[in-house]
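Working notes, beginning with the structure itself.
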Amino acid sequence: MRFLHTADWHIGKKLHGYDLLTEQRDAYRQIKAIAEAEKVDAIVIAGDLYDRALPSEDAVTALDDMLVDLNRQEHFPLLAISGNHDSGVRLGQGSDWFKSTAFYLNTRLKDAFTPVVMDGTQFFLLPYFEPFAARQYFEDESLKTVEQAMQKVVAKMVATFDPQMKHVLVAHFFAAGSTHTDSETQVQVGGLNAVPVDLLRDFDYVALGHLHRKEALQNEPTMKYSGSPLKFSTSESLDTKGVWIVDTATDPVTVTFKPLKPLHDLVVLRASFEELMDPDKVFSVTPDDFVAIELTDTAPIANVMQRLKTRFPKVIELHRINQIDVAPKTLDIDQVQQDPLTLLGDFFETVTQHPLTDQQETWAKKAYQRAQKEEG
């Protein structure tokens, strides 16, 4: 069979306060168009459908519209799992009757061992789970990590393999050898959530979610992260987002990447303030693109963010890559001998390019007087 693998939609996510629902709906339309053009038999969504366990009403409406459109209107079978950002309980409401329209949604570990059989392929839908869920399910208190739990999970799945079929695992975790990007929540620390890829070799294809870059397992031809449909952090600014088309009719399975074009891109610009504000200098961004600035200046710049936004309305981050130099290059004897309040005023104006206000001068004088009394 032929299916589309996507994940990490994070519907409802905001990027530094900016709502991304418009961009997410556009990415969805592109995913749907790819599914139609490739004539896929099903669509796999490997977790993190929502960005948070308690999504907003707008996020719920948006995801509901997408799933209803794919499944009820376009009649694509859906195979989905909950991720670490989802509330399995909330997302799973109604999953028992979803199956009547070929919408298979697993949010509980215990349901992962009954495969969904479709066109000669067994799909094992393994939602994100914590080690305690595996301890309870297997009644084994020795299971302290996801890796330990996955040994038992995979063994139980393999025991139900039909040798005449292909076998696909849909899961949401951190597979060993892959790398995190800034926009992913690192579920645990100390490597407790790392699952060695060798544990997954029995499957013909492993459709993963959790990491937002498709390159995370680039040396594994039949184990893939789809990555997120949108760029959610500056560490992803150079990534090409997209989905995988998987064909299980071949041996090994055939995997093809299909890119998505961002409606509004996330771009990192490194330049001086003068270059950035120069109207004659052209940058490959639109007014609706999200822009992270890496400022090369060493001198203080007053109201720098507000001024940058007059040219780049959606500045989401501002970093100085060089240390700010606020000290005068030379101090003559007159400057050295100035009283502390005068030196403070000069320093404040150098840093902010604005003099102290009357109120600030009053505060400074009172603080200086208290300091003198304490020294006396």
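Quick note on naming: the chains in the structure tokens go A, B, ... in the order shown, residues restart at 1 in each chain, and ligands are numbered from 1 in order of appearance.
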### Task
Mind checking which residues fall within 9 Å of Lys166 (chain A), counting only C-alpha atoms, ignoring those fewer than 3 positions away in the same chain, and posting them as an MDAnalysis selection string?
chainID A and resid 120:123 161:163 203:205 248:249
### Message
Residues of region 245-352 of chain A classed as strand (DSSP E or B) by DSSP on the backbone are to be reported as a ChimeraX atom specification.
### Response
/A:245-247,254-259,266-271,290-295,315-320
### Task
Skip Arg201 (chain A) itself and residues of its chain fewer than 6 positions away, then list as an NGL selection string all residues within 12 Å of it, counting only C-alpha atoms.
:A and (151 or 154-155 or 158 or 167-169 or 195 or 220-223)
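Residues with any atom within 10 Å of Gly242 (chain A), counting only C-alpha atoms and excluding same-chain neighbours fewer than 5 positions away, are A:His5, A:Thr6, A:Ala7, A:Ala27, A:Gln30, A:Ile31, A:Ile34, A:Arg213, A:Lys214, A:Ser226, A:Gly227, A:Ser228, A:Pro229, A:Leu230, A:Phe257, A:Lys258, A:Pro259, A:Leu260, A:Lys261, A:Pro262.
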### Task
From the DSSP assignment of the backbone, select every residue of region 71-120 of chain A that is alpha helix (DSSP H), and format the answer as a PyMOL selection string.
chain A and resi 88-91+95-98
### Task
Mind checking which residues fall within 8 Å of Pro131 (chain A), counting only C-alpha atoms, ignoring those fewer than 6 positions away in the same chain, and posting them as a list in words?
Leu143, Lys144, Thr145, Val146 and Ala149 of chain A
Written file, previous selection with C-alpha atoms, as an mmCIF file, in the first residue's frame:
```
data_model
loop_
_atom_site.group_PDB
_atom_site.id
_atom_site.type_symbol
_atom_site.label_atom_id
_atom_site.label_comp_id
_atom_site.auth_asym_id
_atom_site.auth_seq_id
_atom_site.Cartn_x
_atom_site.Cartn_y
_atom_site.Cartn_z
ATOM 1 C CA LEU A 143 10.752 -1.001 33.788
ATOM 2 C CA LYS A 144 12.286 2.355 34.662
ATOM 3 C CA THR A 145 13.018 3.818 31.213
ATOM 4 C CA VAL A 146 11.315 3.987 27.833
ATOM 5 C CA ALA A 149 9.730 -0.674 28.179
#
```
### Message
From the options A:Gly17, A:Gly12, A:Gly94, A:Gly209, which residue's atoms come nearest to Ser82 (chain A), counting only C-alpha atoms?
### Response
A:Gly209
Write out as a compact mmCIF listing (two decimals) with C-alpha atoms, in the first residue's frame which residues come within 7 Å of Tyr104 (chain A) when counting only C-alpha atoms, dropping same-chain ones fewer than 3 positions away.
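New file around.txt:
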```
# COMPACT_ATOMS: atom_id res chain seq x y z
CA LEU A 78 -6.38 8.08 9.06
CA LEU A 79 -3.92 6.34 11.39
CA ALA A 80 -2.95 8.61 14.29
CA PHE A 98 -14.04 6.97 14.78
CA LYS A 99 -13.17 3.51 13.44
```
Can you list every residue of region 223-258 of chain A that has an atom at most 12 Å from region 313-316 of chain A, with its nearest atom pair and the distance in Å to one decimal, using only C-alpha atoms, ordered by chain then number, as a Markdown table?
```
| residue | atom | partner | partner_atom | distance |
| --- | --- | --- | --- | --- |
| A:Phe232 | CA | A:Ile316 | CA | 11.3 |
| A:Ser233 | CA | A:Ile316 | CA | 9.8 |
| A:Thr234 | CA | A:Ile316 | CA | 9.4 |
```
### Task
Using only C-alpha atoms, determine which residues lie at most 7 Å from Phe76 (chain A), disregarding the query and same-chain residues fewer than 5 positions distant; provide the list as an NGL selection string.
:A and (41-43 or 70-71)
Can you write out the residues you just picked, keeping all heavy atoms, as a PDB file, in the first residue's frame?
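This went into again09.pdb:
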```pdb
ATOM      1  N   ASP A  41      -3.231   5.598  -0.019  1.00  0.00           N
ATOM      2  CA  ASP A  41      -4.312   4.779   0.524  1.00  0.00           C
ATOM      3  C   ASP A  41      -4.660   5.154   1.955  1.00  0.00           C
ATOM      4  O   ASP A  41      -5.711   4.732   2.463  1.00  0.00           O
ATOM      5  CB  ASP A  41      -3.911   3.301   0.486  1.00  0.00           C
ATOM      6  CG  ASP A  41      -3.583   2.834  -0.931  1.00  0.00           C
ATOM      7  OD1 ASP A  41      -4.445   2.988  -1.814  1.00  0.00           O
ATOM      8  OD2 ASP A  41      -2.456   2.347  -1.144  1.00  0.00           O
ATOM      9  N   ALA A  42      -3.772   5.895   2.625  1.00  0.00           N
ATOM     10  CA  ALA A  42      -4.016   6.286   4.018  1.00  0.00           C
ATOM     11  C   ALA A  42      -3.060   7.412   4.396  1.00  0.00           C
ATOM     12  O   ALA A  42      -2.065   7.663   3.702  1.00  0.00           O
ATOM     13  CB  ALA A  42      -3.833   5.102   4.964  1.00  0.00           C
ATOM     14  N   ILE A  43      -3.364   8.081   5.502  1.00  0.00           N
ATOM     15  CA  ILE A  43      -2.512   9.149   6.031  1.00  0.00           C
ATOM     16  C   ILE A  43      -2.175   8.811   7.480  1.00  0.00           C
ATOM     17  O   ILE A  43      -3.068   8.535   8.292  1.00  0.00           O
ATOM     18  CB  ILE A  43      -3.217  10.518   5.942  1.00  0.00           C
ATOM     19  CG1 ILE A  43      -3.404  10.902   4.475  1.00  0.00           C
ATOM     20  CG2 ILE A  43      -2.412  11.589   6.687  1.00  0.00           C
ATOM     21  CD1 ILE A  43      -4.229  12.155   4.259  1.00  0.00           C
ATOM     22  N   LEU A  70     -10.283  15.486   5.813  1.00  0.00           N
ATOM     23  CA  LEU A  70      -9.520  14.360   5.276  1.00  0.00           C
ATOM     24  C   LEU A  70     -10.310  13.065   5.307  1.00  0.00           C
ATOM     25  O   LEU A  70     -10.337  12.310   4.324  1.00  0.00           O
ATOM     26  CB  LEU A  70      -8.228  14.168   6.084  1.00  0.00           C
ATOM     27  CG  LEU A  70      -7.084  15.149   5.850  1.00  0.00           C
ATOM     28  CD1 LEU A  70      -5.930  14.841   6.811  1.00  0.00           C
ATOM     29  CD2 LEU A  70      -6.589  15.098   4.410  1.00  0.00           C
ATOM     30  N   ASN A  71     -10.953  12.811   6.434  1.00  0.00           N
ATOM     31  CA  ASN A  71     -11.568  11.512   6.657  1.00  0.00           C
ATOM     32  C   ASN A  71     -12.999  11.417   6.142  1.00  0.00           C
ATOM     33  O   ASN A  71     -13.368  10.439   5.464  1.00  0.00           O
ATOM     34  CB  ASN A  71     -11.522  11.189   8.155  1.00  0.00           C
ATOM     35  CG  ASN A  71     -12.056   9.813   8.472  1.00  0.00           C
ATOM     36  OD1 ASN A  71     -13.012   9.655   9.226  1.00  0.00           O
ATOM     37  ND2 ASN A  71     -11.433   8.787   7.900  1.00  0.00           N
TER      38      ASN A  71
END
```
### Message
Could you check the closest approach to Val116 (chain A) for each of A:Leu54, A:Val44, A:Gln136, A:Thr250 and tell me which residue wins, using only C-alpha atoms?
### Response
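The answer is A:Val44, which sits nearest to Val116 (chain A).
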#### Entry: Of the listed residues A:Thr107, A:Ser237, A:Asn219, A:Thr22, that which approaches Leu125 (chain A) most closely, counting only C-alpha atoms
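Result for the nearest residue to Leu125 (chain A): A:Thr107.
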